[in-house]
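Below is one structure, written out as structure tokens, with a few remarks after it.
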Amino acid sequence: MKSRGDLYFRHEIDRNPSASDAGTIKACATMVTWHEDTEDSETTFSFTLSAEDVIERQGLANKIQELDELFMEAAFPQEDNLLLLTEEAYHCFIELISSRDYSRDCAMSLWFTFRVWRPPPPLPPSVDEFEDDDDDDDDDEATNSNIPIRAASKLAVKSLTKKIYNKGDSLAIDSCTICLEEFKNGVNVVELPCGHEFDDACIAHWFETDHICPLCRFELTREHH
């Protein structure tokens, strides 16, 4: 794994990919925030580009801008260092696609880890401040705080890797574990960063009310209100 300051990345090149993967670049970006007094927290987004998107630069630039928006929506620090890190990721793409090790008929996978320091959370209000609040307002706030926000972020769902299912390709499974129906040739299959695959419509409906993979504990960013 190579390191550039607070950006860590590694890559793999498949020189004998399936027909559907040839010429694609799959990226998995993870943002990790830390503070001395708290545990690390992380959020992961994945997306797929074609070699042409990267070579033409504009498609890559649009995807990097979308990555900025995803991380900001996930409430990560909106500071200059975040933009500098995603700019570094942009240059990593260009460097790898220009290397002698890569050709357009290959498939490439990249993993980026962005590590950002997060300021400590504010101190809770004092007892005196609570006593000054109106009782009705306190009841309303308590009621609202107990309502779980479980839906996945629309931008996070939009960024998930999609592929066209062909029976000859080597997918981990050949059926959707949500609807329990076999994948049919030509349907859209969505792959989560954890590796699990589902029917496009089924997983989209699932993430309208949940943000956790149906098969494991992998979490997408939740919708913020």
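Residues are named by chain letter and number: chains run A, B, ... in the order of the structure tokens, numbers start at 1 in each chain, and ligands are numbered from 1 in the order shown.
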Please provide as a list in words all residues within 9 Å of Gln65 of chain A, with the sequence filter that same-chain residues fewer than 5 positions apart are discarded (counting only C-alpha atoms). Leu60, Leu70 and Thr86 of chain A
Find the spatial neighbours of His196 of chain A, counting only C-alpha atoms, within a cut-off of 9 Å - ignore same-chain residues fewer than 2 positions away - and output them as a count of residues only. 12
Have a look at A:Leu49, A:Ser153, A:Gly195, A:Lys158 and name the one nearest to Asn62 of chain A; count only C-alpha atoms. A:Leu49
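In this comparison, which uses only C-alpha atoms, the residue of A:Ser98, A:Ser46, A:Asn185, A:Thr177 approaching Ala29 of chain A most closely is A:Ser46.
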Using only C-alpha atoms, which protein or nucleic acid residues come within 9 Å of Cys92 of chain A? Drop anything in the same chain fewer than 5 positions from it, and give the result as a PDB file with N, CA and C atoms, in the first residue's frame.
```pdb
ATOM      1  N   PHE A   9      -3.470   4.410  -0.607  1.00  0.00           N
ATOM      2  CA  PHE A   9      -4.144   3.723  -1.701  1.00  0.00           C
ATOM      3  C   PHE A   9      -3.352   2.501  -2.146  1.00  0.00           C
ATOM      4  N   GLU A  87      -8.258  15.591  -4.374  1.00  0.00           N
ATOM      5  CA  GLU A  87      -7.437  16.002  -5.523  1.00  0.00           C
ATOM      6  C   GLU A  87      -6.264  15.042  -5.700  1.00  0.00           C
ATOM      7  N   ILE A  97      -3.433   5.047 -14.710  1.00  0.00           N
ATOM      8  CA  ILE A  97      -3.940   4.789 -16.058  1.00  0.00           C
ATOM      9  C   ILE A  97      -2.873   5.066 -17.111  1.00  0.00           C
TER      10      ILE A  97
END
```
Excluding Asp199 of chain A and its own-chain neighbours fewer than 6 positions away, which residues fall within 10 Å of it when counting only C-alpha atoms? Please give them as a PyMOL selection string. chain A and resi 162+165+175-184+187-191
Restrict the selected residues to N, CA and C atoms and save them as a CSV table (one decimal), in the first residue's frame.
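Contents of again.csv, freshly written:
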```csv
chain,number,residue,atom,x,y,z
A,162,LYS,N,-22.8,-0.9,-10.4
A,162,LYS,CA,-23.8,-1.7,-11.1
A,162,LYS,C,-23.2,-2.4,-12.2
A,165,TYR,N,-26.0,-8.4,-15.6
A,165,TYR,CA,-25.8,-9.8,-15.3
A,165,TYR,C,-25.8,-10.7,-16.6
A,175,SER,N,-28.5,-15.4,-7.5
A,175,SER,CA,-29.9,-15.0,-7.2
A,175,SER,C,-29.9,-13.9,-6.2
A,176,CYS,N,-30.9,-13.1,-6.1
A,176,CYS,CA,-31.1,-12.0,-5.2
A,176,CYS,C,-31.6,-12.6,-3.9
A,177,THR,N,-30.9,-12.3,-2.8
A,177,THR,CA,-31.3,-12.8,-1.5
A,177,THR,C,-32.4,-12.0,-0.8
A,178,ILE,N,-32.8,-10.9,-1.5
A,178,ILE,CA,-34.0,-10.2,-1.0
A,178,ILE,C,-35.3,-10.7,-1.5
A,179,CYS,N,-35.4,-10.9,-2.8
A,179,CYS,CA,-36.6,-11.4,-3.4
A,179,CYS,C,-36.5,-12.9,-3.7
A,180,LEU,N,-35.3,-13.5,-3.5
A,180,LEU,CA,-35.1,-14.9,-3.7
A,180,LEU,C,-35.2,-15.4,-5.1
A,181,GLU,N,-35.2,-14.5,-6.1
A,181,GLU,CA,-35.4,-14.9,-7.5
A,181,GLU,C,-34.0,-15.0,-8.1
A,182,GLU,N,-33.8,-15.9,-9.1
A,182,GLU,CA,-32.6,-16.0,-9.8
A,182,GLU,C,-32.4,-14.7,-10.7
A,183,PHE,N,-31.1,-14.3,-10.8
A,183,PHE,CA,-30.8,-13.2,-11.8
A,183,PHE,C,-31.1,-13.7,-13.2
A,184,LYS,N,-31.7,-12.8,-14.0
A,184,LYS,CA,-31.9,-13.1,-15.4
A,184,LYS,C,-30.9,-12.3,-16.3
A,187,VAL,N,-30.3,-8.2,-16.6
A,187,VAL,CA,-30.8,-7.4,-15.5
A,187,VAL,C,-29.7,-6.6,-14.9
A,188,ASN,N,-30.0,-5.5,-14.2
A,188,ASN,CA,-29.0,-4.8,-13.5
A,188,ASN,C,-28.8,-5.4,-12.1
A,189,VAL,N,-27.5,-5.6,-11.8
A,189,VAL,CA,-27.1,-6.2,-10.4
A,189,VAL,C,-26.3,-5.2,-9.7
A,190,VAL,N,-26.6,-4.9,-8.5
A,190,VAL,CA,-25.8,-3.9,-7.7
A,190,VAL,C,-24.9,-4.6,-6.8
A,191,GLU,N,-23.6,-4.2,-6.8
A,191,GLU,CA,-22.6,-4.8,-5.9
A,191,GLU,C,-22.3,-3.8,-4.8
```
